[in-house]
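What follows is a single structure, written as structure tokens, with notes after it.
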Amino acid sequence: RFVGSLGTIVIKCKDLRIIQLDIPGMEECLNIASSIEALSTLDSVTLMYPFFYRPMFEVLEDGWSSFLLEQEFELLSSMTNEWRLSCVNKEFSVCPSYPAVVIVPKSVDDEALRKVALFRHGGRFPVLSYYHKKNGMAMMRSSQPLTGTNGRRCKEDEKLINSTLRSGRRGFVIDTRPLAVAQQARAKGGGFEQEVHYPQWRRIHKYIERFNILQESFIKLVEACNDQSHNMDRWLSKLEASNWLTHIKELLTAACLAAQCIDREGASVLVHGSEGTDSTLQVTSLAQIILDPRCRTIRGFEALVVREWLQAGHPFQQRCAQSAYSNSKQKWEAPVFLLFLECVWQIHRQFPCSFEFNEQFLIMLFEHAYASQFGTFLGNNENERAKLKLPQKTMSLWSWVNRPEELSRFQNPLYEANSLVIWPSVAPQSLQLWEGVFLRWNRPSKFLEEAEEERMNIIKYNKELQAKVNQLRRQLAELEADEEVQEP
Amino acid sequence: VENVRLLDRLSSRRAVVGTLYLTATHVIFVENGSETRKETWVLHSQISSIEKQATTATGCPLLIRCKNFQVIQLVIPQERDCHDVYISLIRLARPVKYEELYCFSFNPKLDKEEREQGWKLVDLHEEYIRMGVPNSYWQISDVNRDYGVCDSYPTEVYVPKSATAHIIVGSSKFRSRRRFPALSYYCKGNNASICRSSQPLSGFSARCLEDEQMLQAIRKANPGSDFIYVVDTRPKLNAMANRAAGKGYENEDNYSNIKFQFIGIENIHVMRNSLQKMLEVCELKSPSMSDFLWGLENSGWLKHIKAIMDAGIFIAKAVAEEGVSVLVHCSDGWDRTAQVCSVASLLLDPYYRTMKGFMVLIEKDWVSFGHKFNHRYGNLDGDPKEISPVIDQFIECVWQLMEQLPCAFEFNERFLIHIQHHIYSCQFGNFLCNSQKERRELKIKERTYSLWAHLWKNRADYLNPLYRADHSQTQGTLHPQIAPCNFLYKFWSGMYNRFEKGLHPRQSVTDYLMAVKEETQQLEEELEVLQERLANLQKSQSGNNKIKSKQQDRSKQFGLYTSNNSLANTPQEYSNDLKSFPSRSPSQGDEDSALILTQDNLKSSDPDLSANSDQESGVEDLSCRSPSGGGCLPSEDSGKDSDEAVFLAG
């Protein structure tokens, strides 16, 4: 970003860093400023860095094919046979923001899916998001139904979502809008599931802020974090006014609710908001963090990001274009993904031993979502990515991250696999500002890094000793065995 | 009293029925039914207020607020019983004589010698020697031998060598409560010092030659600097108001070579109200984020914490970087002065960041210099206006520093929380009375036990696993940042919501790392044993038959051990265990250790304290105890799951 004046260029970065360069010579300074400005606001995606980036490392595993939905389905098939892979969206014609293959109930055929797609906003018909092995309950996601003012209905839609219910059991629809907003949406052709037509479903409205509000909140928070004044009151009131932590709390609460419906109530859940590309994904992905131990591993979390964000069609290019320092009001800009990452961090903080990855891993994802040499977060959905030929023309972030030498930086030394559901506290006392992102460039990080290093050392030393002791035990046992053999 | 219900503060649906007992020292609530019969113990001295609320259909509610921030809500079926309990508790919670306090009846089963050893653990005389005094600039003065000059000061006071008894006495007459300038901390490296006193009785124009000489003497004791800072920790307005009462602050014109500075820390009344407001926020049933943040801001608590910290940082900087001595005072010099001096000492000297050093620091700046523990923490029934969380604020400052400098302190959060608890508990004699004089008269050391010995005995529980004596954060002066965006002041839920375990992280990194370290130590020992045995074996194999047979004897011995399972946890047991398994994959050892870690050590424990046997954290217990409150789903689950549905608010 840019603000040029009298031989000084201030560059405000998307990772919230602010760099100030003092350049002798007015003209040079202006030239540099305008170059930076031009280069940082490229019009065409294909001119961006990922298309020119030449990796300096050997690709061990192509990240573009690391997380295919087919593999996910294979895993699912080992648990249940109630679902199937559908290629109805092969040409991205049924739903442009969905991937080519999706997982749907076995009892629903492609023809019905096409009809349901017409009944859902943007064609986003209900698809499987998560299958809870423990009790066979499912979490689905979609966009709002297009009931309109005259209460349109769609038999296939009703059948589709009912097919996930066990006989006699109820399910929950979690609508991420308040009731009033959902009602207003009918005027524009949207709407919600009417009880009359979905008698087995109970609807819960759990409000999560729309993306443009989130962006305002983000900007305010970053502003507060850059306020160098020493005044405590001012800091707290700015923090409060940004509402950022309120959004965190609401989002976590909604995710806990979804997880609770599945795990505790033993009910299937359908999550949607309006478009089903923002708050819906936040809720479904966070619920999985809570429910599924696999999502708390590095590999599992990567799979989650791919499945629930990239393949599910979160418009990264629109949402993560400018970050917090944008001068021009970007209509589509919003820190939806960042909020998700921060919620993961909040849970991580409460269960520091249950995650295989560390805080740095989350920060790394935040950075790459906004600016990256890799093509992973380019485009708004699989359709666009296919058109841009990203897998052929750019490198995948996962190809880089999953190399052993990179992975070691992102491992949590305290990790002990925890197979349980982890219920975080959402009380205000339990939530904190994510210093690692927001105060990253302001606070002296040296001490905290040293602490992290010390943690690593303690664990590492312990592991080394264990290895040594085990080796000696073996040697000793062998020698003793030899001895016994020698003795008659 | 039977059939009393203990309510869970966060959700009224979680209530347990039990029996309430009142003893001479504790309130005890024993749960009915369950095989564990969980008990909740509360010391009378911890009770800060008791509130009888309007009788409802189910009974008569009684709300007990404790000084360690526990809140207990009881419902007693009979109004008359409730009234009796209420009246008794009011009496029991407000003892009028020191002899009624718990420490006079508390007996940890130590003999006389052990008790005396306990009191000797922290020795201030030694501490001043460690600092490097007496030396050619500073000496011990005996002017206060029989508390003749100042009854709230200790008998041993360190003053500049050039300050004669005449100057000291003269200066003391010009200071509130006769608290003359005395040494608090001496910096060996550059001769700069921190001295403390009360305000001068300057009024609008009074001056005192001896007092001026006293300050002069302090300056001369630091030949490296030609001036001293005089830091008045009060807001300027308060100090000016004091002038009207014949008190006030130093006039720079009368004292040569001083730089005078106000640092606005509010008085005890403001602090008391601030804490009150913050606790109200903590008690909110299901606050929204903005309720909470707004309440926190409105209470001003963190602002006050920051003010104290800033003052400490200023002084530490003056001493360490400028090499200038500082005289600190407030009004009487026993509250804000104690806070600021101890924060500055903590920043300056790594010793105070060790466990032992921290005890010494509290003993030096708080206990010996007459911080009025009895009045501030309401140990005996007294003026409620005297009560104020002065040392609580200091303890919180330490915690805030710990959060930003995780490797700098030898002790952990639990150490701080337990000290805070015992300042109010009166279980140990350390914090009784208002001054050294009173404690001597009461013969505290002969009649009660020392907290420091108790903490020291259990020091393994209080260690910070990240602390290493040779670490960069461990050494030298700490330089924390000042602005909130650089040094994040946080709400300390571990303290103020201490008993709402559901709000805290469910896994404790500290405990985990301590367990790992403990295991590491065991491994080290085992490694040594194994190496030795291996060496022996190898020697024996290359050696002659005689040794061989001897060795065989040994292995026969091991064979015997194999069947003996009672020898658990000794390093040898490991290897013998292994001997019985033919396949020796290294993972076996790992599994063992993993088991140790997850089963026992991850549960965050709150040993001792006996205040609350309620231990519901830990990994297994993951039922979500979130206070988001509100409506709920019809849940067919029972028991532990009864408050699962709390996310369904609104």
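Convention: chains lettered A, B, ... in structure tokens order; per-chain residue numbering from 1; ligands numbered from 1 as shown.
By only C-alpha atoms, and with residues fewer than 3 positions from Arg170 of chain A along its chain excluded, the set lying at most 8 Å from it is A:Leu165, A:Arg166, A:Gln200, A:Trp201, A:Arg202, A:Ala267, A:Ser268.
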Could the residues of chain B within 6 Å of chain A, counting only C-alpha atoms, be given as a PyMOL selection string, please? chain B and resi 289-290+293+297+303+405-407+483+485-486+503+505-507+520+527+534+586+624+626+647
Print the selection's residues with C-alpha atoms to a file, as a PDB file, in the first residue's frame.
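Full text of out_14.pdb as output:
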ATOM      1  CA  MET B 289     -18.433  -9.181  24.771  1.00  0.00           C
ATOM      2  CA  SER B 290     -19.165  -5.473  24.867  1.00  0.00           C
ATOM      3  CA  LEU B 293     -15.129  -4.930  27.752  1.00  0.00           C
ATOM      4  CA  GLU B 297     -12.857  -0.245  30.925  1.00  0.00           C
ATOM      5  CA  LYS B 303      -5.597   1.552  33.973  1.00  0.00           C
ATOM      6  CA  LEU B 405       8.070 -12.394  29.620  1.00  0.00           C
ATOM      7  CA  PRO B 406       7.289 -16.077  29.973  1.00  0.00           C
ATOM      8  CA  CYS B 407      10.840 -17.168  30.745  1.00  0.00           C
ATOM      9  CA  ALA B 483       1.852   1.542  25.422  1.00  0.00           C
ATOM     10  CA  CYS B 485      -0.541  -1.798  21.944  1.00  0.00           C
ATOM     11  CA  ASN B 486       2.983  -2.922  22.773  1.00  0.00           C
ATOM     12  CA  LEU B 503     -13.601 -20.337  31.790  1.00  0.00           C
ATOM     13  CA  PRO B 505      -7.904 -23.148  29.287  1.00  0.00           C
ATOM     14  CA  ARG B 506      -8.681 -26.826  29.757  1.00  0.00           C
ATOM     15  CA  GLN B 507      -5.142 -27.938  29.330  1.00  0.00           C
ATOM     16  CA  THR B 520      13.088 -36.193  31.619  1.00  0.00           C
ATOM     17  CA  LEU B 527      20.112 -43.535  31.411  1.00  0.00           C
ATOM     18  CA  LEU B 534      25.967 -51.846  30.042  1.00  0.00           C
ATOM     19  CA  PRO B 586      11.176 -48.247  20.981  1.00  0.00           C
ATOM     20  CA  CYS B 624     -18.937 -27.366  28.179  1.00  0.00           C
ATOM     21  CA  SER B 626     -20.006 -21.849  29.062  1.00  0.00           C
ATOM     22  CA  PHE B 647     -25.052 -22.428  23.398  1.00  0.00           C
TER      23      PHE B 647
END
Just want the 6 Å neighbourhood of segment 142-150 of chain A, counted on only C-alpha atoms, with same-chain residues fewer than 6 positions away dropped. Output as a list in words. Phe119, Arg120, His121, Arg124, Phe125, Pro126, Arg186, Ala187, Gly189, Gly190, Gly191, Phe192, His272, Ser274, Glu275 and Gly276 of chain A
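Across the structure, atom CA of Thr233 of chain B and atom CA of Arg175 of chain B are spaced 15.7 Å apart.
If you count only C-alpha atoms and ignore residues fewer than 4 places along the chain from Asn3 of chain B, what sits within 12 Å of it is Ala15, Val16, Val17, Gly18, Thr19, Leu20, Tyr21, Phe29, Val30, Glu31, Asn32, Gly33, Thr58, Gly59, Cys60, Leu74, Val75, Ile76, Pro77, Gln78, Asp81 and Cys82 of chain B.
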Restricting it to N, CA and C atoms, dump the selection as an mmCIF file, in the first residue's frame.
data_model
loop_
_atom_site.group_PDB
_atom_site.id
_atom_site.type_symbol
_atom_site.label_atom_id
_atom_site.label_comp_id
_atom_site.auth_asym_id
_atom_site.auth_seq_id
_atom_site.Cartn_x
_atom_site.Cartn_y
_atom_site.Cartn_z
ATOM 1 N N ALA B 15 -27.357 -27.497 40.549
ATOM 2 C CA ALA B 15 -27.313 -27.287 41.980
ATOM 3 C C ALA B 15 -27.109 -28.626 42.650
ATOM 4 N N VAL B 16 -26.383 -28.632 43.727
ATOM 5 C CA VAL B 16 -26.211 -29.872 44.453
ATOM 6 C C VAL B 16 -26.768 -29.700 45.856
ATOM 7 N N VAL B 17 -27.306 -30.777 46.386
ATOM 8 C CA VAL B 17 -27.885 -30.732 47.717
ATOM 9 C C VAL B 17 -26.880 -31.332 48.682
ATOM 10 N N GLY B 18 -26.797 -30.741 49.840
ATOM 11 C CA GLY B 18 -25.841 -31.257 50.808
ATOM 12 C C GLY B 18 -26.086 -30.673 52.175
ATOM 13 N N THR B 19 -25.101 -30.870 53.032
ATOM 14 C CA THR B 19 -25.234 -30.409 54.405
ATOM 15 C C THR B 19 -24.205 -29.329 54.661
ATOM 16 N N LEU B 20 -24.647 -28.299 55.372
ATOM 17 C CA LEU B 20 -23.762 -27.183 55.665
ATOM 18 C C LEU B 20 -23.315 -27.270 57.114
ATOM 19 N N TYR B 21 -22.012 -27.198 57.334
ATOM 20 C CA TYR B 21 -21.493 -27.205 58.695
ATOM 21 C C TYR B 21 -20.759 -25.906 58.951
ATOM 22 N N PHE B 29 -19.267 -27.399 53.278
ATOM 23 C CA PHE B 29 -20.462 -27.899 52.612
ATOM 24 C C PHE B 29 -20.158 -29.287 52.082
ATOM 25 N N VAL B 30 -20.918 -30.272 52.522
ATOM 26 C CA VAL B 30 -20.690 -31.645 52.071
ATOM 27 C C VAL B 30 -21.865 -32.086 51.225
ATOM 28 N N GLU B 31 -21.564 -32.552 50.040
ATOM 29 C CA GLU B 31 -22.627 -32.988 49.141
ATOM 30 C C GLU B 31 -23.248 -34.286 49.625
ATOM 31 N N ASN B 32 -24.532 -34.377 49.434
ATOM 32 C CA ASN B 32 -25.218 -35.630 49.740
ATOM 33 C C ASN B 32 -24.991 -36.624 48.613
ATOM 34 N N GLY B 33 -25.371 -37.845 48.915
ATOM 35 C CA GLY B 33 -25.563 -38.815 47.827
ATOM 36 C C GLY B 33 -24.300 -39.382 47.243
ATOM 37 N N THR B 58 -38.411 -21.845 47.078
ATOM 38 C CA THR B 58 -37.543 -22.994 47.337
ATOM 39 C C THR B 58 -36.739 -22.844 48.614
ATOM 40 N N GLY B 59 -36.690 -21.656 49.160
ATOM 41 C CA GLY B 59 -35.911 -21.475 50.379
ATOM 42 C C GLY B 59 -35.310 -20.102 50.448
ATOM 43 N N CYS B 60 -34.365 -19.987 51.323
ATOM 44 C CA CYS B 60 -33.798 -18.681 51.607
ATOM 45 C C CYS B 60 -32.372 -18.615 51.072
ATOM 46 N N LEU B 74 -25.884 -20.255 48.331
ATOM 47 C CA LEU B 74 -26.552 -21.348 49.021
ATOM 48 C C LEU B 74 -28.037 -21.048 49.093
ATOM 49 N N VAL B 75 -28.829 -22.099 49.070
ATOM 50 C CA VAL B 75 -30.250 -21.916 49.361
ATOM 51 C C VAL B 75 -30.583 -22.808 50.544
ATOM 52 N N ILE B 76 -31.048 -22.177 51.621
ATOM 53 C CA ILE B 76 -31.349 -22.919 52.845
ATOM 54 C C ILE B 76 -32.867 -23.006 52.971
ATOM 55 N N PRO B 77 -33.392 -24.210 53.177
ATOM 56 C CA PRO B 77 -34.848 -24.390 53.127
ATOM 57 C C PRO B 77 -35.602 -23.528 54.152
ATOM 58 N N GLN B 78 -35.100 -23.507 55.389
ATOM 59 C CA GLN B 78 -35.845 -22.786 56.435
ATOM 60 C C GLN B 78 -35.291 -21.384 56.623
ATOM 61 N N ASP B 81 -33.283 -21.084 59.905
ATOM 62 C CA ASP B 81 -31.921 -21.622 59.804
ATOM 63 C C ASP B 81 -31.013 -20.648 59.081
ATOM 64 N N CYS B 82 -31.539 -20.132 57.998
ATOM 65 C CA CYS B 82 -30.761 -19.209 57.188
ATOM 66 C C CYS B 82 -30.332 -18.019 58.015
#
Write out as an MDAnalysis selection string the set of residues from segment 226-370 of chain B that DSSP, computed on the backbone, places in helix (DSSP H, G or I). chainID B and resid 236:244 268:283 289:299 301:322 336:348 350:353 355:368
Output file for the selection above: C-alpha atoms, as a CSV table (one decimal), in the first residue's frame:
chain,number,residue,atom,x,y,z
B,236,LYS,CA,-0.7,16.1,41.6
B,237,LEU,CA,-4.2,17.2,42.7
B,238,ASN,CA,-4.2,14.9,45.7
B,239,ALA,CA,-0.7,16.0,46.8
B,240,MET,CA,-1.7,19.7,46.5
B,241,ALA,CA,-4.8,19.0,48.6
B,242,ASN,CA,-2.6,17.5,51.3
B,243,ARG,CA,-0.7,20.8,51.6
B,244,ALA,CA,-3.8,22.4,53.1
B,268,ILE,CA,-6.9,3.2,48.2
B,269,HIS,CA,-10.5,4.3,48.0
B,270,VAL,CA,-10.4,4.6,44.3
B,271,MET,CA,-8.8,1.2,44.0
B,272,ARG,CA,-11.3,-0.5,46.3
B,273,ASN,CA,-14.2,0.9,44.1
B,274,SER,CA,-12.4,-0.1,41.0
B,275,LEU,CA,-12.0,-3.7,42.1
B,276,GLN,CA,-15.6,-3.7,43.2
B,277,LYS,CA,-16.7,-2.6,39.7
B,278,MET,CA,-14.5,-5.2,38.0
B,279,LEU,CA,-15.9,-8.0,40.2
B,280,GLU,CA,-19.4,-7.0,39.3
B,281,VAL,CA,-18.4,-7.5,35.7
B,282,CYS,CA,-17.0,-10.9,36.6
B,283,GLU,CA,-20.2,-11.9,38.3
B,289,MET,CA,-18.4,-9.2,24.8
B,290,SER,CA,-19.2,-5.5,24.9
B,291,ASP,CA,-20.8,-5.7,28.3
B,292,PHE,CA,-17.6,-7.2,29.5
B,293,LEU,CA,-15.1,-4.9,27.8
B,294,TRP,CA,-17.1,-1.9,28.6
B,295,GLY,CA,-17.4,-3.0,32.2
B,296,LEU,CA,-13.7,-3.6,32.3
B,297,GLU,CA,-12.9,-0.2,30.9
B,298,ASN,CA,-15.4,1.4,33.2
B,299,SER,CA,-13.9,-0.2,36.3
B,301,TRP,CA,-8.8,-1.6,36.9
B,302,LEU,CA,-6.3,-2.2,34.2
B,303,LYS,CA,-5.6,1.6,34.0
B,304,HIS,CA,-4.6,1.5,37.6
B,305,ILE,CA,-2.4,-1.6,37.1
B,306,LYS,CA,-0.7,0.2,34.2
B,307,ALA,CA,-0.1,3.3,36.4
B,308,ILE,CA,1.7,1.2,39.0
B,309,MET,CA,3.7,-0.6,36.4
B,310,ASP,CA,4.6,2.6,34.6
B,311,ALA,CA,5.9,4.1,37.9
B,312,GLY,CA,8.0,1.0,38.5
B,313,ILE,CA,9.3,1.1,35.0
B,314,PHE,CA,10.2,4.8,35.4
B,315,ILE,CA,12.2,4.1,38.6
B,316,ALA,CA,13.9,1.0,37.3
B,317,LYS,CA,15.0,3.0,34.3
B,318,ALA,CA,16.3,5.9,36.4
B,319,VAL,CA,18.3,3.5,38.5
B,320,ALA,CA,19.6,1.1,35.9
B,321,GLU,CA,20.1,3.4,32.9
B,322,GLU,CA,20.7,6.8,34.3
B,336,ARG,CA,1.6,3.0,46.6
B,337,THR,CA,5.2,3.3,47.7
B,338,ALA,CA,5.4,-0.4,48.5
B,339,GLN,CA,3.8,-1.2,45.2
B,340,VAL,CA,6.1,0.9,43.2
B,341,CYS,CA,9.3,0.0,45.1
B,342,SER,CA,8.6,-3.7,44.7
B,343,VAL,CA,7.8,-3.5,41.0
B,344,ALA,CA,11.0,-1.5,40.4
B,345,SER,CA,13.0,-4.0,42.4
B,346,LEU,CA,11.5,-6.8,40.5
B,347,LEU,CA,12.4,-5.2,37.2
B,348,LEU,CA,15.9,-4.4,38.3
B,350,PRO,CA,16.7,-11.0,38.7
B,351,TYR,CA,17.0,-12.4,42.2
B,352,TYR,CA,13.5,-11.1,43.0
B,353,ARG,CA,12.2,-13.1,40.0
B,355,MET,CA,10.9,-18.1,44.1
B,356,LYS,CA,13.0,-17.4,47.2
B,357,GLY,CA,13.7,-13.9,46.0
B,358,PHE,CA,10.1,-13.1,45.6
B,359,MET,CA,9.4,-14.1,49.1
B,360,VAL,CA,12.2,-11.9,50.2
B,361,LEU,CA,10.8,-9.0,48.2
B,362,ILE,CA,7.4,-9.2,49.8
B,363,GLU,CA,9.0,-9.5,53.2
B,364,LYS,CA,11.3,-6.5,52.5
B,365,ASP,CA,9.0,-4.0,50.8
B,366,TRP,CA,5.7,-5.0,52.4
B,367,VAL,CA,6.0,-6.8,55.7
B,368,SER,CA,9.0,-5.1,57.2
Env of Gln373 of chain A: 9 Å cut, atoms = only C-alpha atoms, seq-sep filter 5 positions within chain, self excluded. Answer as a PyMOL selection string. chain A and resi 48-55+368+394-397
Residue contacts of Ile444 of chain B (10 Å, only C-alpha atoms) excluding same-chain residues fewer than 2 positions away, as an mmCIF file with N, CA and C atoms, in the first residue's frame:
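This went into selection.cif:
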data_model
loop_
_atom_site.group_PDB
_atom_site.id
_atom_site.type_symbol
_atom_site.label_atom_id
_atom_site.label_comp_id
_atom_site.auth_asym_id
_atom_site.auth_seq_id
_atom_site.Cartn_x
_atom_site.Cartn_y
_atom_site.Cartn_z
ATOM 1 N N CYS B 103 -4.567 -18.925 62.198
ATOM 2 C CA CYS B 103 -3.160 -19.309 62.345
ATOM 3 C C CYS B 103 -2.810 -19.689 63.772
ATOM 4 N N PHE B 104 -3.597 -19.227 64.730
ATOM 5 C CA PHE B 104 -3.287 -19.589 66.107
ATOM 6 C C PHE B 104 -3.785 -20.985 66.450
ATOM 7 N N TRP B 119 10.677 -19.977 59.885
ATOM 8 C CA TRP B 119 10.712 -18.516 59.994
ATOM 9 C C TRP B 119 12.053 -17.949 59.540
ATOM 10 N N PHE B 428 -1.377 -18.593 58.090
ATOM 11 C CA PHE B 428 0.007 -18.447 58.514
ATOM 12 C C PHE B 428 0.185 -17.056 59.111
ATOM 13 N N GLY B 429 1.203 -16.913 59.962
ATOM 14 C CA GLY B 429 1.327 -15.668 60.700
ATOM 15 C C GLY B 429 1.976 -14.515 59.955
ATOM 16 N N ASN B 430 2.519 -14.796 58.762
ATOM 17 C CA ASN B 430 3.340 -13.790 58.076
ATOM 18 C C ASN B 430 2.689 -12.430 57.907
ATOM 19 N N PHE B 431 1.392 -12.462 57.575
ATOM 20 C CA PHE B 431 0.758 -11.206 57.172
ATOM 21 C C PHE B 431 -0.192 -10.671 58.235
ATOM 22 N N LEU B 432 0.028 -11.081 59.450
ATOM 23 C CA LEU B 432 -0.819 -10.573 60.520
ATOM 24 C C LEU B 432 -0.384 -9.164 60.907
ATOM 25 N N CYS B 433 -1.277 -8.429 61.507
ATOM 26 C CA CYS B 433 -0.971 -7.122 62.094
ATOM 27 C C CYS B 433 -0.620 -6.065 61.036
ATOM 28 N N GLN B 436 5.804 -4.521 62.129
ATOM 29 C CA GLN B 436 6.722 -5.443 62.782
ATOM 30 C C GLN B 436 6.565 -5.380 64.298
ATOM 31 N N GLU B 438 3.925 -4.711 66.118
ATOM 32 C CA GLU B 438 2.762 -5.467 66.587
ATOM 33 C C GLU B 438 3.020 -6.970 66.532
ATOM 34 N N ARG B 439 3.682 -7.390 65.451
ATOM 35 C CA ARG B 439 3.937 -8.830 65.316
ATOM 36 C C ARG B 439 4.852 -9.333 66.416
ATOM 37 N N ARG B 440 5.841 -8.505 66.773
ATOM 38 C CA ARG B 440 6.739 -8.925 67.852
ATOM 39 C C ARG B 440 5.972 -9.023 69.154
ATOM 40 N N GLU B 441 5.100 -8.055 69.386
ATOM 41 C CA GLU B 441 4.341 -8.075 70.636
ATOM 42 C C GLU B 441 3.460 -9.311 70.722
ATOM 43 N N LEU B 442 2.929 -9.709 69.581
ATOM 44 C CA LEU B 442 2.037 -10.879 69.564
ATOM 45 C C LEU B 442 2.820 -12.193 69.591
ATOM 46 N N GLU B 446 6.609 -17.362 67.515
ATOM 47 C CA GLU B 446 6.535 -18.503 68.418
ATOM 48 C C GLU B 446 5.183 -19.195 68.323
ATOM 49 N N ARG B 447 4.179 -18.455 67.921
ATOM 50 C CA ARG B 447 2.825 -19.015 68.026
ATOM 51 C C ARG B 447 2.227 -19.453 66.692
ATOM 52 N N THR B 448 2.820 -19.025 65.592
ATOM 53 C CA THR B 448 2.241 -19.417 64.297
ATOM 54 C C THR B 448 3.344 -19.931 63.377
ATOM 55 N N TYR B 449 2.933 -20.357 62.201
ATOM 56 C CA TYR B 449 3.884 -20.905 61.226
ATOM 57 C C TYR B 449 4.076 -19.926 60.069
ATOM 58 N N SER B 450 5.166 -20.140 59.342
ATOM 59 C CA SER B 450 5.459 -19.232 58.239
ATOM 60 C C SER B 450 4.982 -19.811 56.914
#
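The spacing separating atom CA of Ile167 of chain B from atom CA of Lys437 of chain B amounts to 23.0 Å.
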All residues 12 Å or closer to Ser65 of chain A, only C-alpha atoms, same chain fewer than 6 positions away omitted, as a JSON list (two decimals) with C-alpha atoms, in the first residue's frame:
[["chain", "number", "residue", "atom", "x", "y", "z"],
["A", 71, "GLN", "CA", -10.06, -39.49, -1.07],
["A", 303, "ALA", "CA", -7.77, -30.89, 4.21],
["A", 306, "VAL", "CA", -9.29, -27.17, 1.10],
["A", 376, "THR", "CA", -3.74, -21.96, -3.85],
["A", 391, "PRO", "CA", -2.74, -26.40, -11.04],
["A", 392, "GLN", "CA", -0.71, -26.35, -14.25],
["A", 395, "MET", "CA", 2.65, -23.98, -7.42],
["A", 396, "SER", "CA", 0.41, -25.15, -4.60],
["A", 397, "LEU", "CA", 0.97, -23.86, -1.10],
["A", 398, "TRP", "CA", 0.63, -27.42, 0.18],
["A", 399, "SER", "CA", 3.52, -28.61, -1.98]]
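Going from atom CA of Phe211 of chain A over to atom CA of Lys331 of chain A, you cover 9.6 Å.
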